[in-house]
Amino acid sequence: MGKYTPKQYAEVLYDLVGNAPSAGTKNPIKNFIAAVVKNGDMSKTNLIISEFEKICLFKKGEKKIEVTTIGGKESFPAGQLKGEVIFRDDEKVLGGVRIRIDDKLIDNTLRARVSRLKESLKV
Amino acid sequence: MEKDRILRELKNQILETKQKLQAENVGEVFKVGDGVAEIRGLSEVMYSEILEFETESGKVKGLALNLLEDSLGAIILGDAGLIREGQTVKSTGKLLSVPVGEEFLGRVINPLGEPLDGGPAIKTKEGKSYPIEKIASGVITRESVKTPLHTGIKAIDAIIPIGRGQRELIIGDRQIGKTALVVDTIINQGRDKHHKTPVCIYVAVGQKESKVATLVERLKKEGAMDYTVVVVTGAATPAPLQYIAPYAGCAMGEYFMDKGGDALVIYDDLTKHAWAYRQISLLLKRPPGREAYPGDVFYLHSRLLERAAKMNKSHGGGSLTALPIIETQLADISAYIPTNVISITDGQIYLEPELFYQGVRPALSVGLSVSRVGSAAQTKAMKRVAGKLRLELAQYRELAAFVQFGQDLDEGTKKQIERGVRLTELLKQPQYQPMPFEEQVASIYAAVNGFLDNVPVERVQEFETGLLRFIKERDGEVLENIRDTGELSEELEKRLKEVTGDFAKNYFGK
């Protein structure tokens with residue numbers, strides 16, 4: 001029996017409990033966890049959950065959006081953002097905003113700009 | 001001025017009204033250890049792309065090597081201790097490259113072009129960088145090897161000549177003089193005035209730092225650092241840097257080749273390079289094969305050595321000669337990595353432990369050493385005198401076995417053995433004393449034409465020194481002509497014969 005990746009586990013889980021669950025499965029979550037334990041893959045649980053979240057969002061046509069500013073939710077007009085939005089309050093950004101959508105990052109924080117300036121002065 | 005530039009830069013940054021914002025490709029460190037990191041995200045990353053780990057103490061560079069379905073394996077090129085799980089990793093869109101330029105001559109650097117000699121940071125005028133991985137030049141751009149690269153070592157220049165653009169392997173056990181050979185070769189490049197001095201790049205892979213320090217000192221003492229770059233990764237350097245070192249050295253050589261010059265790159269040694277790659281591959285969970293090396297260990301060296309080339313005139317006419325070194329275990333040249341590299345190169349110089357301990361130094365095995373393309377580059381003068389040398393030495397080694405049994409031998413065989421003993425003695429050469437090629441010609445001429453036959457074996461070296469001094473005093477023009485024309489014309493040979501005969505007569509008359 002081969003090893004399964006967290007993504008493969010998550011896909012199977014989504015298939016079992018998602019919008020159109022496979023027919024005839026009783027206690028799918030319990031059975032799923034039993035299978036993970038049997039395969040000795042309990043250490044992958046966190047990854048399976050994060051992959052499962054990604055799949056759920058993908059199926060809904062949405063994306064996970066992470067917005068980092070000073071002040072968190074109050075300081076950013078999030079009305080136009082569609083998807084699961086997570087606000088982070090981080091003083092280290094010094095100002096501006098950092099938006100991350102999956103593995104794309106738009107960084108317009110003061111900290112990043114200072115760091116870019118520092119790099120350009122190094123050369 | 002530097003100050004003005006900085007102020008201008010700062011002003012532009014502050015006054016910049018249009019924001020140039022670009023979406024960056026990012027990921028997170030999922031696992032880290034032993035100089036290798038597993039990263040999630042970074043969906044658009046390229047193979048061999050530089051990554052930047054954002055740590056609390058600044059950015060650390062990495063290299064994407066394993067592109068898997070939902071993760072990626074990267075090697076860390078800086079301080080791996082700074083990297084933690086969950087840190088952000090950015091792709092840069094750039095392939096790993098090294099800065100190149102004349103400014104590196106005389107410097108000791110790491111594979112990323114950073115100085116290790118305590119000197120100032122190296123800034124090149126041209127500001128050029130070369131990718132460390134590059135597909136080797138194609139057939140159309142090359143031409144055959146035809147210019148000699150004199151090592152200054154009699155045994156090599158006479159029997160196993162090396163040409164510019166060739167790949168000649170130096171193979172042997174530890175502590176047998178492999179590095180000594182290449183150091184002499186580097187030293188000789190500055191002394192060979194008849195040919196353009198090639199830029200020498202010595203790449204130390206996983207070597208003891210003390211050994212490299214001694215080597216650099218010696219090169220400085222001999223004035224050879226002026227045209228040499230030393231790329232160092234020590235035994236304590238992380239495997240990722242050891243892995244990229246030969247490619248970085250090669251890229252630096254290619255810069256000089258592209259400018260139409262000659263370069264000589266020495267990889268010391270590729271056994272340790274293969275070990276470093278094996279370590280990285282195993283940590284990246286690539287399937288192990290024979291001796292636990294990954295399946296592409298052949299390609300690891302073939303793509304590196306294939307970059308050695310002699311370019312044709314329309315492509316600048318430059319050359320890149322490669323002298324890889326392989327260390328064998330208990331003289332086993334049929335192990336995995338030695339056979340791989342032997343099959344890739346254009347010949348090998350095999351150093352034999354037995355000869356070394358008998359005092360034959362350089363301990364070159366005539367039977368197992370070969371140069372596949374170098375003979376085309378050998379000068380006519382050397383070809384003429386050394387033509388029979390290889391055969392005579394090989395026959396002598398065969399016959400030498402009989403001597404040990406004390407059998408009765410016929411006159412012819414005895415003579416051959418006596419000649420062989422003297423030839424072997426003549427080919428011995430002390431370290432750091434490379435000999436100009438014209439002197440090698442005169443010395444070998446005397447040996448193969450029987451002038452040494454009556455010299456007692458223990459006085460062969462003394463005879464040679466005396467002979468060369470005598471020729472220089474009496475008819476130095478002969479040597480100059482051989483050096484300038486590269487030929488031993490009948491007239492020159494006549495003069496050489498005369499002067500050698502006179503010396504021999506005086507020598508025995510004493």
# chains A, B, ... in the order shown; residues from 1 in each chain; ligands from 1
$ residues_around --residues "Leu492 of chain B" --least-positions-apart "3" --cutoff "10 Å" --atoms "only C-alpha atoms" --output "list of chain:residue names"
B:Glu477, B:Val478, B:Leu479, B:Asn481, B:Ile482, B:Glu487, B:Leu488, B:Ser489, B:Arg495, B:Leu496, B:Lys497, B:Glu498
$ write_last_selection --atoms "C-alpha atoms" --output "CSV table (one decimal), in the first residue's frame"
chain,number,residue,atom,x,y,z
B,477,GLU,CA,69.4,29.9,-29.6
B,478,VAL,CA,68.4,26.3,-30.3
B,479,LEU,CA,66.0,26.3,-27.3
B,481,ASN,CA,64.0,28.5,-31.9
B,482,ILE,CA,62.2,25.3,-30.6
B,487,GLU,CA,59.3,22.5,-34.4
B,488,LEU,CA,62.5,20.6,-34.4
B,489,SER,CA,63.8,21.1,-37.9
B,495,ARG,CA,72.6,21.5,-33.6
B,496,LEU,CA,70.9,19.9,-30.6
B,497,LYS,CA,72.7,16.6,-31.3
B,498,GLU,CA,76.0,18.3,-31.5
$ residues_around --residues "segment 418-423 of chain B" --least-positions-apart "5" --cutoff "10 Å" --atoms "only C-alpha atoms" --output "MDAnalysis selection string"
chainID B and resid 155 389 392:397 399:400 412:413 428 444 447:448 450 452:461
$ interface_residues --of "chain B" --to "chain A" --cutoff "8 Å" --atoms "only C-alpha atoms" --output "number ranges by chain"
B: 6, 9-10, 13, 21-27, 41-43, 70
$ write_last_selection --atoms "N, CA and C atoms" --output "CSV table (one decimal), in the first residue's frame"
chain,number,residue,atom,x,y,z
B,6,ILE,N,23.1,57.9,-4.0
B,6,ILE,CA,22.3,57.4,-2.9
B,6,ILE,C,21.2,58.4,-2.6
B,9,GLU,N,18.6,58.4,-5.4
B,9,GLU,CA,17.8,57.2,-5.3
B,9,GLU,C,16.7,57.3,-4.2
B,10,LEU,N,17.2,57.9,-3.1
B,10,LEU,CA,16.3,58.1,-2.0
B,10,LEU,C,15.1,59.1,-2.3
B,13,GLN,N,12.7,57.5,-4.7
B,13,GLN,CA,11.8,56.6,-3.9
B,13,GLN,C,10.7,57.4,-3.2
B,21,LEU,N,3.4,48.3,-8.4
B,21,LEU,CA,3.1,47.1,-7.5
B,21,LEU,C,2.9,45.9,-8.4
B,22,GLN,N,3.6,44.9,-7.9
B,22,GLN,CA,3.5,43.6,-8.7
B,22,GLN,C,3.1,42.5,-7.7
B,23,ALA,N,2.3,41.6,-8.2
B,23,ALA,CA,1.9,40.5,-7.4
B,23,ALA,C,3.1,39.5,-7.4
B,24,GLU,N,3.5,39.1,-6.2
B,24,GLU,CA,4.6,38.2,-6.1
B,24,GLU,C,4.1,36.8,-5.8
B,25,ASN,N,4.9,35.9,-6.2
B,25,ASN,CA,4.6,34.5,-6.0
B,25,ASN,C,5.3,34.0,-4.6
B,26,VAL,N,4.4,33.6,-3.7
B,26,VAL,CA,5.0,33.3,-2.4
B,26,VAL,C,4.6,31.9,-1.9
B,27,GLY,N,5.3,31.4,-0.9
B,27,GLY,CA,5.0,30.1,-0.3
B,27,GLY,C,5.4,30.1,1.1
B,41,GLY,N,3.1,26.1,-1.6
B,41,GLY,CA,2.8,27.4,-2.3
B,41,GLY,C,3.7,27.5,-3.5
B,42,LEU,N,4.1,28.7,-3.9
B,42,LEU,CA,5.0,29.0,-5.0
B,42,LEU,C,4.7,28.2,-6.2
B,43,SER,N,3.4,28.4,-6.7
B,43,SER,CA,3.0,27.5,-7.8
B,43,SER,C,3.7,27.8,-9.1
B,70,ASP,N,2.4,19.1,-5.0
B,70,ASP,CA,1.9,20.1,-4.1
B,70,ASP,C,2.9,20.7,-3.1
$ residues_around --residues "Pro288 of chain B" --least-positions-apart "5" --cutoff "12 Å" --atoms "only C-alpha atoms" --output "PyMOL selection string"
chain B and resi 277-283+293-297
$ write_last_selection --atoms "N, CA and C atoms" --output "PDB file, in the first residue's frame"
ATOM      1  N   TYR B 277      26.070  15.925  -3.786  1.00  0.00           N
ATOM      2  CA  TYR B 277      24.818  15.783  -4.540  1.00  0.00           C
ATOM      3  C   TYR B 277      23.998  14.595  -4.016  1.00  0.00           C
ATOM      4  N   ARG B 278      24.715  13.532  -3.622  1.00  0.00           N
ATOM      5  CA  ARG B 278      24.014  12.375  -3.067  1.00  0.00           C
ATOM      6  C   ARG B 278      23.293  12.768  -1.780  1.00  0.00           C
ATOM      7  N   GLN B 279      23.985  13.563  -0.959  1.00  0.00           N
ATOM      8  CA  GLN B 279      23.381  14.018   0.301  1.00  0.00           C
ATOM      9  C   GLN B 279      22.117  14.830   0.027  1.00  0.00           C
ATOM     10  N   ILE B 280      22.224  15.780  -0.897  1.00  0.00           N
ATOM     11  CA  ILE B 280      21.070  16.632  -1.215  1.00  0.00           C
ATOM     12  C   ILE B 280      19.914  15.790  -1.756  1.00  0.00           C
ATOM     13  N   SER B 281      20.267  14.875  -2.664  1.00  0.00           N
ATOM     14  CA  SER B 281      19.222  14.051  -3.293  1.00  0.00           C
ATOM     15  C   SER B 281      18.503  13.187  -2.274  1.00  0.00           C
ATOM     16  N   LEU B 282      19.279  12.613  -1.344  1.00  0.00           N
ATOM     17  CA  LEU B 282      18.645  11.758  -0.336  1.00  0.00           C
ATOM     18  C   LEU B 282      17.751  12.594   0.576  1.00  0.00           C
ATOM     19  N   LEU B 283      18.223  13.809   0.930  1.00  0.00           N
ATOM     20  CA  LEU B 283      17.408  14.672   1.786  1.00  0.00           C
ATOM     21  C   LEU B 283      16.148  15.151   1.063  1.00  0.00           C
ATOM     22  N   TYR B 293      23.659   6.758  -4.873  1.00  0.00           N
ATOM     23  CA  TYR B 293      23.655   7.964  -5.698  1.00  0.00           C
ATOM     24  C   TYR B 293      22.317   8.032  -6.434  1.00  0.00           C
ATOM     25  N   PRO B 294      21.820   9.236  -6.742  1.00  0.00           N
ATOM     26  CA  PRO B 294      20.562   9.319  -7.477  1.00  0.00           C
ATOM     27  C   PRO B 294      20.762   8.916  -8.946  1.00  0.00           C
ATOM     28  N   GLY B 295      19.694   8.718  -9.638  1.00  0.00           N
ATOM     29  CA  GLY B 295      19.772   8.239 -11.025  1.00  0.00           C
ATOM     30  C   GLY B 295      20.468   9.204 -11.960  1.00  0.00           C
ATOM     31  N   ASP B 296      20.459  10.501 -11.638  1.00  0.00           N
ATOM     32  CA  ASP B 296      21.040  11.462 -12.587  1.00  0.00           C
ATOM     33  C   ASP B 296      22.461  11.877 -12.207  1.00  0.00           C
ATOM     34  N   VAL B 297      23.173  10.994 -11.506  1.00  0.00           N
ATOM     35  CA  VAL B 297      24.537  11.380 -11.091  1.00  0.00           C
ATOM     36  C   VAL B 297      25.485  11.425 -12.291  1.00  0.00           C
TER      37      VAL B 297
END
$ closest_residue --among "A:Pro77, A:Gly83, A:Arg98, A:Thr45" --to "Ala10 of chain A" --atoms "only C-alpha atoms"
A:Thr45
$ select_by_dssp --residues "chain A" --states "alpha helix (DSSP H)" --output "ChimeraX atom specification"
/A:6-17,28-38,45-60,110-122
$ select_by_dssp --residues "segment 100-272 of chain B" --states "strand (DSSP E or B)" --output "PyMOL selection string"
chain B and resi 108-109+115+129-131+142+148+163+167+169-172+199-207+228-234+262-268
$ write_last_selection --atoms "C-alpha atoms" --output "compact mmCIF listing (two decimals), in the first residue's frame"
# COMPACT_ATOMS: atom_id res chain seq x y z
CA VAL B 108 39.48 33.70 -3.18
CA ILE B 109 35.69 33.52 -3.29
CA PRO B 115 35.10 37.14 -1.08
CA SER B 129 26.33 37.72 -14.21
CA TYR B 130 26.39 34.29 -15.80
CA PRO B 131 23.87 31.56 -15.00
CA ARG B 142 33.10 24.39 -31.76
CA PRO B 148 48.61 22.79 -26.51
CA GLY B 163 45.04 20.59 -25.53
CA ARG B 167 38.68 17.54 -20.55
CA LEU B 169 40.71 13.58 -15.76
CA ILE B 170 43.29 13.28 -13.02
CA ILE B 171 42.55 10.18 -10.99
CA GLY B 172 44.25 8.42 -8.13
CA VAL B 199 42.81 32.33 -16.77
CA CYS B 200 42.97 29.53 -14.20
CA ILE B 201 40.02 28.78 -11.96
CA TYR B 202 40.66 26.38 -9.13
CA VAL B 203 37.44 25.04 -7.64
CA ALA B 204 37.87 23.33 -4.26
CA VAL B 205 34.89 21.11 -3.44
CA GLY B 206 34.72 19.87 0.14
CA GLN B 207 38.48 20.29 0.64
CA THR B 228 43.89 32.73 -11.04
CA VAL B 229 40.53 32.67 -9.26
CA VAL B 230 40.08 30.28 -6.35
CA VAL B 231 36.51 29.17 -5.67
CA VAL B 232 36.36 27.52 -2.26
CA THR B 233 33.87 25.30 -0.52
CA GLY B 234 35.46 23.65 2.47
CA ASP B 262 41.47 30.80 -22.76
CA ALA B 263 40.39 29.44 -19.41
CA LEU B 264 41.48 26.43 -17.40
CA VAL B 265 39.07 25.16 -14.77
CA ILE B 266 40.18 22.62 -12.19
CA TYR B 267 37.53 20.74 -10.21
CA ASP B 268 39.14 19.39 -7.05
$ atom_distance --atom1 "atom CA of Ala224 of chain B" --atom2 "atom CA of Ile186 of chain B"
6.8 Å
$ closest_residue --among "A:Val17, A:Gly71, A:Leu110, A:Lys44" --to "Lys30 of chain A" --atoms "only C-alpha atoms"
A:Val17
$ atom_distance --atom1 "atom CA of Arg474 of chain B" --atom2 "atom CA of Glu493 of chain B"
15.0 Å
$ residues_around --residues "Glu54 of chain B" --least-positions-apart "4" --cutoff "7 Å" --atoms "only C-alpha atoms" --output "list in words"
Gly58, Lys59, Val60, Gln87, Thr88 and Val89 of chain B
$ residues_around --residues "Asp90 of chain A" --least-positions-apart "4" --cutoff "8 Å" --atoms "only C-alpha atoms" --output "MDAnalysis selection string"
chainID A and resid 68:72
$ atom_distance --atom1 "atom CA of Thr124 of chain B" --atom2 "atom CA of Gly93 of chain B"
22.6 Å
$ decode --residues "segment 314-375 of chain B" --atoms "C-alpha atoms" --output "CSV table (one decimal), in the first residue's frame"
chain,number,residue,atom,x,y,z
B,314,SER,CA,33.4,32.9,-35.8
B,315,HIS,CA,32.4,32.4,-32.1
B,316,GLY,CA,35.4,34.2,-30.6
B,317,GLY,CA,38.0,31.4,-30.7
B,318,GLY,CA,38.1,31.1,-26.9
B,319,SER,CA,38.6,27.9,-25.0
B,320,LEU,CA,37.7,26.3,-21.7
B,321,THR,CA,39.8,23.4,-20.6
B,322,ALA,CA,38.6,21.2,-17.7
B,323,LEU,CA,40.8,19.2,-15.4
B,324,PRO,CA,38.5,17.3,-13.1
B,325,ILE,CA,40.0,15.3,-10.3
B,326,ILE,CA,38.6,12.1,-8.9
B,327,GLU,CA,39.8,10.4,-5.7
B,328,THR,CA,39.7,6.6,-5.8
B,329,GLN,CA,39.5,4.3,-2.8
B,330,LEU,CA,42.2,1.7,-2.7
B,331,ALA,CA,43.1,2.4,-6.4
B,332,ASP,CA,39.7,1.1,-7.5
B,333,ILE,CA,39.1,2.9,-10.8
B,334,SER,CA,36.2,0.6,-11.6
B,335,ALA,CA,33.9,2.2,-8.9
B,336,TYR,CA,30.8,4.0,-9.9
B,337,ILE,CA,31.8,7.7,-10.1
B,338,PRO,CA,35.4,7.0,-11.5
B,339,THR,CA,34.0,5.0,-14.4
B,340,ASN,CA,31.4,7.6,-15.1
B,341,VAL,CA,33.9,10.5,-15.2
B,342,ILE,CA,36.4,8.4,-17.2
B,343,SER,CA,33.8,7.8,-19.8
B,344,ILE,CA,32.9,11.5,-20.0
B,345,THR,CA,36.4,12.9,-20.3
B,346,ASP,CA,38.8,12.9,-23.2
B,347,GLY,CA,41.4,10.9,-21.3
B,348,GLN,CA,42.8,10.4,-17.9
B,349,ILE,CA,46.0,10.7,-16.0
B,350,TYR,CA,46.2,7.8,-13.6
B,351,LEU,CA,48.4,8.1,-10.6
B,352,GLU,CA,49.6,4.8,-9.2
B,353,PRO,CA,50.2,4.3,-5.4
B,354,GLU,CA,53.0,1.8,-6.0
B,355,LEU,CA,55.0,4.1,-8.2
B,356,PHE,CA,54.5,6.9,-5.7
B,357,TYR,CA,56.0,4.9,-2.9
B,358,GLN,CA,58.8,3.7,-5.1
B,359,GLY,CA,59.7,7.4,-5.5
B,360,VAL,CA,58.5,7.9,-9.0
B,361,ARG,CA,56.9,11.3,-8.7
B,362,PRO,CA,54.7,12.3,-10.5
B,363,ALA,CA,53.5,8.7,-10.1
B,364,LEU,CA,52.0,8.6,-13.5
B,365,SER,CA,50.9,5.2,-14.8
B,366,VAL,CA,51.9,5.1,-18.5
B,367,GLY,CA,49.8,2.1,-19.2
B,368,LEU,CA,46.5,3.3,-17.8
B,369,SER,CA,46.8,7.0,-18.7
B,370,VAL,CA,45.7,8.3,-22.0
B,371,SER,CA,44.8,11.5,-23.8
B,372,ARG,CA,42.3,11.0,-26.6
B,373,VAL,CA,42.5,14.4,-28.3
B,374,GLY,CA,45.6,16.0,-26.9
B,375,SER,CA,48.0,14.5,-29.4
